[in-house]
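Everything on this sheet refers to the single structure shown next.
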Amino acid sequence: MLDWLLAPLDPSRVHDVGFHLSWHARMMVVAWGFLVPIGVLSARYFKILPNQKWPEEVDNRTWWNIHRSCQYTAAALTVVAIVTIRLAPEITWSEGVHHLLGWTVVTFTVLQVGGGLLRGTKGGPGHPGPDRTLRGDHYDMTPRRIAFEVMHKMAGYAVLLVSVVAITSGMWQANAPRWMPLAMVLWWSCLALAAFWLQRRGMCVDTYQALWGPDPVHPGNRRDRLIGLGVRRRGEASGREH
């Protein structure tokens with residue numbers, strides 16, 4: 001069994017990727033196989049923690065700190081991984097599906113980081129705007145904020161799926177040992193089961209409610225449509241889609 005696990009996926013090819021390719025692969029797997037999914041799960045399911053005394057305690061930033069740390073670290077690793085592969089003295093398979101998927105991931109990374117910087121002001125209680133009122137793009141749910149949330153969530157889930165295919169194709173192209181894809185499949189299965197369980201528990205709560213509570217005095221709570229698949233407000237039986 002050990003010999004089978006250590007053997008390459010394709011016995012007719014040699015698993016010999018060299019220094020640059022091996023470190024490129026390691027950094028991209030850490031970034032997109034581990035950090036990004038953890039960041040996505042934290043943003044989707046932990047805006048209100050199980051032991052949090054909500055709505056007395058709002059705007060718990062544990063999820064935000066995890067999400068931001070994971071995604072920014074993943075973006076930095078992606079940049080280093082791209083530089084590493086470009087420095088490789090000899091690349092024999094720089095074209096093809098994996099090449100296209102990799103640059104798709106990089107493009108989405110730039111768009112996500114850039115879009116995050118353009119999300120607008122926060123506003124609301126505790127974060128007054130420049131005019132010292134509660135006004136803010138997020139608090140008022142302005143068209144700018146709505147557009148950001150729609151695009152950020154859609155692009156985030158899309159690039160996560162693309163990265164799964166990119167990692168899988170990269171392992172095949174590098175003719176990785178069998179234990180590597182098996183380990184990734186096990187990890188992704190655990191993530192999928194965790195997401196299913198957290199969704200069933202109603203942990204995918206509207207960001208606005210998590211930040212400012214359920215009071216309809218806050219303008220975002222008076223919107224009929226929530227942004228995101230399966231997102232719910234506390235007290236509602238099921239999620240509503242944008």
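If you're wondering about the labels, chains in the structure tokens are A, B, ... by order shown, residues count from 1 in each chain, ligands from 1 in order shown.
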For segment 75-80 of chain A, list every protein, DNA or RNA residue within 12 Å, evaluated using only C-alpha atoms, and leave out those in the same chain fewer than 2 positions away; present the list as a PyMOL selection string. chain A and resi 20+23-36+39+68-73+82-87+102-103+105-114+163
Contacts of Ala192 of chain A at 12 Å or less, counting only C-alpha atoms, minus same-chain residues fewer than 4 places along, as a PDB file with N, CA, C and O atoms, in the first residue's frame?
```pdb
ATOM      1  N   PRO A  37      -9.915  28.394   1.084  1.00  0.00           N
ATOM      2  CA  PRO A  37     -11.145  27.775   1.585  1.00  0.00           C
ATOM      3  C   PRO A  37     -11.434  28.108   3.045  1.00  0.00           C
ATOM      4  O   PRO A  37     -12.597  28.320   3.415  1.00  0.00           O
ATOM      5  N   ILE A  38     -10.411  28.156   3.893  1.00  0.00           N
ATOM      6  CA  ILE A  38     -10.626  28.519   5.297  1.00  0.00           C
ATOM      7  C   ILE A  38     -11.142  29.955   5.392  1.00  0.00           C
ATOM      8  O   ILE A  38     -12.062  30.264   6.167  1.00  0.00           O
ATOM      9  N   VAL A  40     -12.846  31.557   3.116  1.00  0.00           N
ATOM     10  CA  VAL A  40     -14.223  31.582   2.619  1.00  0.00           C
ATOM     11  C   VAL A  40     -15.181  31.052   3.677  1.00  0.00           C
ATOM     12  O   VAL A  40     -16.252  31.640   3.926  1.00  0.00           O
ATOM     13  N   LEU A  41     -14.836  29.946   4.313  1.00  0.00           N
ATOM     14  CA  LEU A  41     -15.703  29.384   5.356  1.00  0.00           C
ATOM     15  C   LEU A  41     -15.884  30.356   6.519  1.00  0.00           C
ATOM     16  O   LEU A  41     -16.978  30.488   7.064  1.00  0.00           O
ATOM     17  N   VAL A 185      -8.300  15.308  -1.902  1.00  0.00           N
ATOM     18  CA  VAL A 185      -9.703  14.877  -1.977  1.00  0.00           C
ATOM     19  C   VAL A 185     -10.286  14.712  -0.578  1.00  0.00           C
ATOM     20  O   VAL A 185     -11.421  15.126  -0.300  1.00  0.00           O
ATOM     21  N   LEU A 186      -9.512  14.126   0.337  1.00  0.00           N
ATOM     22  CA  LEU A 186      -9.971  13.965   1.719  1.00  0.00           C
ATOM     23  C   LEU A 186     -10.197  15.320   2.382  1.00  0.00           C
ATOM     24  O   LEU A 186     -11.210  15.536   3.051  1.00  0.00           O
ATOM     25  N   TRP A 187      -9.266  16.258   2.172  1.00  0.00           N
ATOM     26  CA  TRP A 187      -9.377  17.594   2.748  1.00  0.00           C
ATOM     27  C   TRP A 187     -10.588  18.330   2.187  1.00  0.00           C
ATOM     28  O   TRP A 187     -11.366  18.926   2.927  1.00  0.00           O
ATOM     29  N   TRP A 188     -10.759  18.300   0.864  1.00  0.00           N
ATOM     30  CA  TRP A 188     -11.901  18.969   0.249  1.00  0.00           C
ATOM     31  C   TRP A 188     -13.217  18.340   0.695  1.00  0.00           C
ATOM     32  O   TRP A 188     -14.223  19.040   0.861  1.00  0.00           O
ATOM     33  N   PHE A 196     -21.686  21.911   4.675  1.00  0.00           N
ATOM     34  CA  PHE A 196     -23.053  21.372   4.711  1.00  0.00           C
ATOM     35  C   PHE A 196     -23.628  21.425   6.126  1.00  0.00           C
ATOM     36  O   PHE A 196     -24.770  21.855   6.335  1.00  0.00           O
ATOM     37  N   TRP A 197     -22.829  21.027   7.094  1.00  0.00           N
ATOM     38  CA  TRP A 197     -23.270  21.014   8.498  1.00  0.00           C
ATOM     39  C   TRP A 197     -23.532  22.418   9.010  1.00  0.00           C
ATOM     40  O   TRP A 197     -24.553  22.682   9.655  1.00  0.00           O
ATOM     41  N   LEU A 198     -22.636  23.346   8.714  1.00  0.00           N
ATOM     42  CA  LEU A 198     -22.801  24.734   9.164  1.00  0.00           C
ATOM     43  C   LEU A 198     -23.997  25.394   8.487  1.00  0.00           C
ATOM     44  O   LEU A 198     -24.705  26.192   9.120  1.00  0.00           O
ATOM     45  N   GLN A 199     -24.225  25.064   7.226  1.00  0.00           N
ATOM     46  CA  GLN A 199     -25.391  25.610   6.517  1.00  0.00           C
ATOM     47  C   GLN A 199     -26.674  25.101   7.151  1.00  0.00           C
ATOM     48  O   GLN A 199     -27.631  25.875   7.349  1.00  0.00           O
TER      49      GLN A 199
END
```
Contacts of segment 122-127 of chain A within 12 Å, only C-alpha atoms, excl. fewer than 5 positions in-chain, as a ChimeraX atom specification: /A:58-59,132-142,144-145,208,211-213,217-220
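For segment 109-151 of chain A, backbone-based DSSP labels the following residues as alpha helix (DSSP H): A:Thr109, A:Val110, A:Leu111, A:Gln112, A:Val113, A:Gly114, A:Gly115, A:Gly116, A:Leu117, A:Asp137, A:His138, A:Tyr139, A:Asp140, A:Pro143, A:Arg144, A:Arg145, A:Ile146, A:Ala147, A:Phe148, A:Glu149, A:Val150, A:Met151.
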I need the chosen residues saved as a PDB file, in the first residue's frame, with C-alpha atoms.
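Result file is result_36.pdb:
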```
ATOM      1  CA  THR A 109      -6.942  37.241  -7.342  1.00  0.00           C
ATOM      2  CA  VAL A 110      -6.142  40.695  -8.704  1.00  0.00           C
ATOM      3  CA  LEU A 111      -9.840  41.459  -9.170  1.00  0.00           C
ATOM      4  CA  GLN A 112     -10.738  40.297  -5.646  1.00  0.00           C
ATOM      5  CA  VAL A 113      -7.991  42.285  -3.949  1.00  0.00           C
ATOM      6  CA  GLY A 114      -8.676  45.354  -6.071  1.00  0.00           C
ATOM      7  CA  GLY A 115     -12.428  45.050  -5.576  1.00  0.00           C
ATOM      8  CA  GLY A 116     -11.971  44.778  -1.831  1.00  0.00           C
ATOM      9  CA  LEU A 117     -10.108  48.075  -1.798  1.00  0.00           C
ATOM     10  CA  ASP A 137     -21.773  52.752   1.732  1.00  0.00           C
ATOM     11  CA  HIS A 138     -22.214  49.618   3.808  1.00  0.00           C
ATOM     12  CA  TYR A 139     -24.566  51.035   6.413  1.00  0.00           C
ATOM     13  CA  ASP A 140     -26.789  52.624   3.763  1.00  0.00           C
ATOM     14  CA  PRO A 143     -25.582  50.686  -5.114  1.00  0.00           C
ATOM     15  CA  ARG A 144     -21.791  50.691  -4.846  1.00  0.00           C
ATOM     16  CA  ARG A 145     -21.867  48.397  -1.819  1.00  0.00           C
ATOM     17  CA  ILE A 146     -24.503  46.104  -3.319  1.00  0.00           C
ATOM     18  CA  ALA A 147     -22.471  45.773  -6.527  1.00  0.00           C
ATOM     19  CA  PHE A 148     -19.340  45.005  -4.512  1.00  0.00           C
ATOM     20  CA  GLU A 149     -21.026  42.278  -2.449  1.00  0.00           C
ATOM     21  CA  VAL A 150     -22.598  40.620  -5.487  1.00  0.00           C
ATOM     22  CA  MET A 151     -19.362  40.593  -7.486  1.00  0.00           C
TER      23      MET A 151
END
```
Please provide the set of residues having any atom within 10 Å of Leu101 of chain A, restricted to only C-alpha atoms, with same-chain residues fewer than 4 positions apart removed, written as a ChimeraX atom specification. /A:96-97,105-107,159,162-167,169-170
